[in-house]
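As structure tokens, the structure follows; a few thoughts come after it.
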Amino acid sequence: MEKKREELLKGSILKLFVKYFIPTLIGSAAVVLYNIVDRFFVGKISEKALAGAGIAFYIVMLIIAFSMFIGVGAGTIISIRLGQGKKGEAKKILGNAITLFAILGLLLYAFLILNIDTVLRYSGANNETLPYARAYLEIILLAILPLFYSFGLSNILNAAGAPRVAMFSMLIGAVVNIILDYVAVMIIHTGIEGTAYATLIGNVLSAVFVLWFLIVGKLPFKIDMFGFKLEEESVIAIRFSKLKLDPKIVKDIFSIGMSPFLLQAASSGVGLVTNKIVDIYGGTYGVAVMTIINSYLPIMTMSVYAVSQAVQPIIGFNYGAKNFTRVKKSLMTAIGAGAILSFAFWVIVMLLPKQLILFFNEKSTPEALREGIKAIRIYFSLVIISSFGITVPNYFQATGRSKYSVTMNLMRQVVIFLAVVIVFSNIWKLDGVWLAQPFTDFLFFLILLVFLYREKKFFDKMIENQSHLLESKKIESTEYEKTDKNNK
């Protein structure tokens, strides 16, 4: 533990970032694979099935939002407490997170399964797509608790210095999902239900692995993946005596986790509204195009989110230790890495839109293909600057200032985008939906520049104060030495 603390407080920021980023990115890629693989095989069934799975997508994203609510909130506080050397408190926070996952998971399942048709109708399902969406979602809902204990706890593993274990747990689920999807659709021909069961089983196996590691406190055997040795022991472990909820800890988890939760939940809520608008102006083929866009969007958002998660323990430790120079460097590293990743994504989308559409919908109608090529280019036109909308709010969350982060996320997803998509769709119909995203990205980028400028002034002031304090101590030390010599 002491070695990791020393590394986070004094080691090379770039090396630390790469160390945390690679496994975190692989873990995030595994999460994205769940959606991509499902959509790929569902697209081979029919365009209606693809649209049906796309309608269920936002409900799955809402479930992930709740996992982030607890996981990111607890992970951030655990990172700060470990940076302060308070390991006992970190264990208690982990125990509270486990209990909260169970309570929220069961409540969420009960609500959604009892109102499944109503929820899907509001999500944009029509008479053609409802049977597919319902069949898919009824099975996926069984994966709520496994998803909480796999994806949700991976945030805590990252914060506790075990990013490779988190990565491996995601890979377990992704690989199993890919294999079972192929078997279900291409060999057994089970339809959309088979892809849902594949996702369920993958999540269960991933959750079992994570819980084993955190309960036992170590891996059952050494695992080395292409030179990446998984952390053999956990810094913190689940103890049943720590599962009782502490009101203060719960409040802190909710406070810090509110920002990523609102970002994801608002995104899901706005997505439901957007799907409804798309269904009105584009019907089933329009929803299919939106589904394809939402299949590629997580590739960018999760990769940039992986950047934020990679710097979270670095920022959390150093912010707790009041080492603002390293906090500033970590933030700039995250912003730069996010921009580079989103640029690579932008290039691919602009060069290969037709191939990207046909990958998911090989049975696409000519009308849907034309609309898809136009839509995907417009929607992702300003994706490079949109990366700031992930890294900057997550920075404020990592430093425990959730108020700023919550404000930013609500401003982007609800205040700006929702208003823009409603106005634009009334003017330009389906084209207005595609134009709403880049317009929102541009406006929000201008707002973020103001926040970044204020943060830069804060950094400069704190660093200057620390420099003066250090200089004063040196002068005092020198004067003391001179006085000591004179007395002798």
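Starting from 1 in every chain, residues are counted up; chains themselves are A, B, ... following the order of the structure tokens, and ligands are numbered from 1 as listed.
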
Problem - segment 338-453 of chain A: residues DSSP assigns to alpha helix (DSSP H), reported as a PyMOL selection string - result: chain A and resi 338-351+353-360+366-379+383-386+388-398+402-410+417-428+430-453

I'd like a table as CSV: residues in segment 63-165 of chain A with an atom no more than 12 Å from segment 39-47 of chain A, each row giving the shortest atom pair and its distance in Å to one decimal, only C-alpha atoms counted, sorted by chain and rising residue number.
residue,atom,partner,partner_atom,distance
A:Glu128,CA,A:Glu47,CA,10.3
A:Thr129,CA,A:Glu47,CA,9.4
A:Tyr132,CA,A:Val42,CA,10.1
A:Ala133,CA,A:Val42,CA,11.3
A:Tyr136,CA,A:Val42,CA,10.3

Practice task
Can you pull out every residue within 12 Å of Leu230 of chain A, counting only C-alpha atoms, but drop anything in the same chain fewer than 5 positions away, and send it as a list of chain:residue names?
Solution key: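 Result of the neighbour search: A:Lys19, A:Pro23, A:Leu157, A:Gly161, A:Ala162, A:Pro163, A:Arg164, A:Val165, A:Ala166, A:Met167, A:Phe168, A:Ser169, A:Phe213, A:Lys218, A:Leu219, A:Pro220, A:Phe221, A:Lys222, A:Ile223, A:Asp224, A:Met225.
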
Just to be explicit: take each residue in the selection above, keep N, CA and C atoms, and write the result as a PDB file, in the first residue's frame.
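Saved file part24.pdb follows:
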ATOM      1  N   LYS A  19      -0.169   3.219 -17.339  1.00  0.00           N
ATOM      2  CA  LYS A  19      -0.348   2.019 -16.510  1.00  0.00           C
ATOM      3  C   LYS A  19      -1.821   1.782 -16.190  1.00  0.00           C
ATOM      4  N   PRO A  23      -5.291  -1.002 -19.154  1.00  0.00           N
ATOM      5  CA  PRO A  23      -6.276  -1.980 -18.655  1.00  0.00           C
ATOM      6  C   PRO A  23      -7.683  -1.406 -18.537  1.00  0.00           C
ATOM      7  N   LEU A 157     -12.481  -1.067  -8.098  1.00  0.00           N
ATOM      8  CA  LEU A 157     -11.194  -1.742  -8.303  1.00  0.00           C
ATOM      9  C   LEU A 157     -10.163  -0.780  -8.902  1.00  0.00           C
ATOM     10  N   GLY A 161      -6.529   0.631  -6.969  1.00  0.00           N
ATOM     11  CA  GLY A 161      -5.241   0.231  -7.531  1.00  0.00           C
ATOM     12  C   GLY A 161      -5.208  -1.152  -8.142  1.00  0.00           C
ATOM     13  N   ALA A 162      -6.372  -1.653  -8.619  1.00  0.00           N
ATOM     14  CA  ALA A 162      -6.416  -2.965  -9.272  1.00  0.00           C
ATOM     15  C   ALA A 162      -7.105  -2.858 -10.631  1.00  0.00           C
ATOM     16  N   PRO A 163      -6.629  -1.967 -11.518  1.00  0.00           N
ATOM     17  CA  PRO A 163      -7.297  -1.768 -12.810  1.00  0.00           C
ATOM     18  C   PRO A 163      -7.233  -2.989 -13.719  1.00  0.00           C
ATOM     19  N   ARG A 164      -6.193  -3.811 -13.568  1.00  0.00           N
ATOM     20  CA  ARG A 164      -6.064  -4.981 -14.447  1.00  0.00           C
ATOM     21  C   ARG A 164      -7.057  -6.078 -14.081  1.00  0.00           C
ATOM     22  N   VAL A 165      -7.354  -6.185 -12.811  1.00  0.00           N
ATOM     23  CA  VAL A 165      -8.389  -7.139 -12.389  1.00  0.00           C
ATOM     24  C   VAL A 165      -9.745  -6.689 -12.928  1.00  0.00           C
ATOM     25  N   ALA A 166      -9.999  -5.375 -12.862  1.00  0.00           N
ATOM     26  CA  ALA A 166     -11.245  -4.830 -13.411  1.00  0.00           C
ATOM     27  C   ALA A 166     -11.336  -5.111 -14.911  1.00  0.00           C
ATOM     28  N   MET A 167     -10.212  -4.916 -15.602  1.00  0.00           N
ATOM     29  CA  MET A 167     -10.148  -5.177 -17.038  1.00  0.00           C
ATOM     30  C   MET A 167     -10.459  -6.640 -17.337  1.00  0.00           C
ATOM     31  N   PHE A 168      -9.846  -7.534 -16.597  1.00  0.00           N
ATOM     32  CA  PHE A 168     -10.017  -8.966 -16.848  1.00  0.00           C
ATOM     33  C   PHE A 168     -11.455  -9.407 -16.613  1.00  0.00           C
ATOM     34  N   SER A 169     -12.084  -8.836 -15.594  1.00  0.00           N
ATOM     35  CA  SER A 169     -13.481  -9.197 -15.311  1.00  0.00           C
ATOM     36  C   SER A 169     -14.392  -8.818 -16.473  1.00  0.00           C
ATOM     37  N   PHE A 213     -12.640 -11.943  -5.959  1.00  0.00           N
ATOM     38  CA  PHE A 213     -11.417 -11.174  -5.696  1.00  0.00           C
ATOM     39  C   PHE A 213     -11.576 -10.271  -4.476  1.00  0.00           C
ATOM     40  N   LYS A 218      -7.769 -11.898  -2.815  1.00  0.00           N
ATOM     41  CA  LYS A 218      -6.680 -12.224  -3.731  1.00  0.00           C
ATOM     42  C   LYS A 218      -7.201 -13.150  -4.830  1.00  0.00           C
ATOM     43  N   LEU A 219      -6.420 -13.269  -5.893  1.00  0.00           N
ATOM     44  CA  LEU A 219      -6.775 -14.162  -6.988  1.00  0.00           C
ATOM     45  C   LEU A 219      -6.482 -15.609  -6.600  1.00  0.00           C
ATOM     46  N   PRO A 220      -7.245 -16.569  -7.153  1.00  0.00           N
ATOM     47  CA  PRO A 220      -6.978 -17.979  -6.834  1.00  0.00           C
ATOM     48  C   PRO A 220      -5.659 -18.472  -7.423  1.00  0.00           C
ATOM     49  N   PHE A 221      -5.189 -17.792  -8.489  1.00  0.00           N
ATOM     50  CA  PHE A 221      -3.909 -18.142  -9.116  1.00  0.00           C
ATOM     51  C   PHE A 221      -3.402 -16.927  -9.892  1.00  0.00           C
ATOM     52  N   LYS A 222      -2.123 -16.922 -10.245  1.00  0.00           N
ATOM     53  CA  LYS A 222      -1.536 -15.809 -10.977  1.00  0.00           C
ATOM     54  C   LYS A 222      -2.050 -15.791 -12.414  1.00  0.00           C
ATOM     55  N   ILE A 223      -2.324 -14.577 -12.917  1.00  0.00           N
ATOM     56  CA  ILE A 223      -2.812 -14.418 -14.292  1.00  0.00           C
ATOM     57  C   ILE A 223      -1.924 -13.394 -15.003  1.00  0.00           C
ATOM     58  N   ASP A 224      -1.378 -13.802 -16.135  1.00  0.00           N
ATOM     59  CA  ASP A 224      -0.512 -12.940 -16.934  1.00  0.00           C
ATOM     60  C   ASP A 224      -1.074 -12.881 -18.350  1.00  0.00           C
ATOM     61  N   MET A 225      -1.529 -11.678 -18.753  1.00  0.00           N
ATOM     62  CA  MET A 225      -2.100 -11.529 -20.086  1.00  0.00           C
ATOM     63  C   MET A 225      -1.213 -10.645 -20.944  1.00  0.00           C
TER      64      MET A 225
END

Practice task
Mind checking which residues fall within 9 Å of Leu341 of chain A, counting only C-alpha atoms, ignoring those fewer than 6 positions away in the same chain, and posting them as a list of chain:residue names?
Solution key: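 With the cut-off at 9 Å, the set is A:Met300, A:Ser303, A:Val304, A:Ile384, A:Ser387.
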
Would you mind exporting the chosen residues as a PDB file, in the first residue's frame, restricted to N, CA and C atoms?
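Output contents, as saved in part15.pdb:
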ATOM      1  N   MET A 300     -16.545   5.956 -28.606  1.00  0.00           N
ATOM      2  CA  MET A 300     -15.869   7.206 -28.290  1.00  0.00           C
ATOM      3  C   MET A 300     -16.027   7.579 -26.820  1.00  0.00           C
ATOM      4  N   SER A 303     -14.149   5.224 -24.395  1.00  0.00           N
ATOM      5  CA  SER A 303     -12.690   5.346 -24.478  1.00  0.00           C
ATOM      6  C   SER A 303     -12.221   6.613 -23.762  1.00  0.00           C
ATOM      7  N   VAL A 304     -12.967   7.712 -23.930  1.00  0.00           N
ATOM      8  CA  VAL A 304     -12.615   8.962 -23.232  1.00  0.00           C
ATOM      9  C   VAL A 304     -12.916   8.824 -21.741  1.00  0.00           C
ATOM     10  N   ILE A 384     -14.729  15.677 -31.665  1.00  0.00           N
ATOM     11  CA  ILE A 384     -13.420  15.952 -31.039  1.00  0.00           C
ATOM     12  C   ILE A 384     -13.592  16.870 -29.827  1.00  0.00           C
ATOM     13  N   SER A 387     -15.257  15.545 -26.517  1.00  0.00           N
ATOM     14  CA  SER A 387     -14.484  14.797 -25.523  1.00  0.00           C
ATOM     15  C   SER A 387     -14.239  15.616 -24.259  1.00  0.00           C
TER      16      SER A 387
END

Handout entry: Selection near Thr399 of chain A, 10 Å with only C-alpha atoms, sequence-local residues under 5 positions removed, as a list in words
Key = Thr76, Ile77, Ile80, Ile256, Gln312, Pro313, Ile315, Gly316, Phe317, Asn318, Tyr319, Gly320, Val327 and Asn394 of chain A

Just to be explicit: take each residue in the selection above, keep N, CA and C atoms, and write the result as a PDB file, in the first residue's frame.
ATOM      1  N   THR A  76     -14.461   6.991  -5.948  1.00  0.00           N
ATOM      2  CA  THR A  76     -13.802   8.287  -5.766  1.00  0.00           C
ATOM      3  C   THR A  76     -13.439   8.520  -4.297  1.00  0.00           C
ATOM      4  N   ILE A  77     -14.378   8.238  -3.397  1.00  0.00           N
ATOM      5  CA  ILE A  77     -14.122   8.451  -1.967  1.00  0.00           C
ATOM      6  C   ILE A  77     -13.056   7.473  -1.466  1.00  0.00           C
ATOM      7  N   ILE A  80      -9.662   8.765  -2.445  1.00  0.00           N
ATOM      8  CA  ILE A  80      -9.228   9.890  -1.593  1.00  0.00           C
ATOM      9  C   ILE A  80      -8.843   9.389  -0.199  1.00  0.00           C
ATOM     10  N   ILE A 256     -21.073  12.305  -4.479  1.00  0.00           N
ATOM     11  CA  ILE A 256     -20.022  12.205  -5.498  1.00  0.00           C
ATOM     12  C   ILE A 256     -20.527  11.454  -6.732  1.00  0.00           C
ATOM     13  N   GLN A 312      -8.243   9.265 -12.503  1.00  0.00           N
ATOM     14  CA  GLN A 312      -8.979   9.483 -11.256  1.00  0.00           C
ATOM     15  C   GLN A 312      -8.153   9.187 -10.007  1.00  0.00           C
ATOM     16  N   PRO A 313      -7.512   8.001  -9.900  1.00  0.00           N
ATOM     17  CA  PRO A 313      -6.711   7.759  -8.690  1.00  0.00           C
ATOM     18  C   PRO A 313      -5.527   8.702  -8.558  1.00  0.00           C
ATOM     19  N   ILE A 315      -5.395  11.882  -9.700  1.00  0.00           N
ATOM     20  CA  ILE A 315      -5.949  13.171  -9.272  1.00  0.00           C
ATOM     21  C   ILE A 315      -6.440  13.094  -7.835  1.00  0.00           C
ATOM     22  N   GLY A 316      -7.161  11.998  -7.503  1.00  0.00           N
ATOM     23  CA  GLY A 316      -7.711  11.860  -6.153  1.00  0.00           C
ATOM     24  C   GLY A 316      -6.645  11.850  -5.079  1.00  0.00           C
ATOM     25  N   PHE A 317      -5.590  11.048  -5.288  1.00  0.00           N
ATOM     26  CA  PHE A 317      -4.496  10.968  -4.316  1.00  0.00           C
ATOM     27  C   PHE A 317      -3.812  12.330  -4.154  1.00  0.00           C
ATOM     28  N   ASN A 318      -3.482  12.958  -5.265  1.00  0.00           N
ATOM     29  CA  ASN A 318      -2.722  14.205  -5.203  1.00  0.00           C
ATOM     30  C   ASN A 318      -3.558  15.390  -4.742  1.00  0.00           C
ATOM     31  N   TYR A 319      -4.861  15.366  -5.055  1.00  0.00           N
ATOM     32  CA  TYR A 319      -5.728  16.425  -4.559  1.00  0.00           C
ATOM     33  C   TYR A 319      -5.872  16.298  -3.048  1.00  0.00           C
ATOM     34  N   GLY A 320      -5.993  15.046  -2.571  1.00  0.00           N
ATOM     35  CA  GLY A 320      -6.065  14.807  -1.133  1.00  0.00           C
ATOM     36  C   GLY A 320      -4.783  15.218  -0.426  1.00  0.00           C
ATOM     37  N   VAL A 327      -1.860  17.584  -9.915  1.00  0.00           N
ATOM     38  CA  VAL A 327      -3.272  17.554 -10.284  1.00  0.00           C
ATOM     39  C   VAL A 327      -3.475  18.261 -11.624  1.00  0.00           C
ATOM     40  N   ASN A 394     -15.651  14.997 -15.269  1.00  0.00           N
ATOM     41  CA  ASN A 394     -15.119  13.899 -14.468  1.00  0.00           C
ATOM     42  C   ASN A 394     -13.931  14.323 -13.624  1.00  0.00           C
TER      43      ASN A 394
END
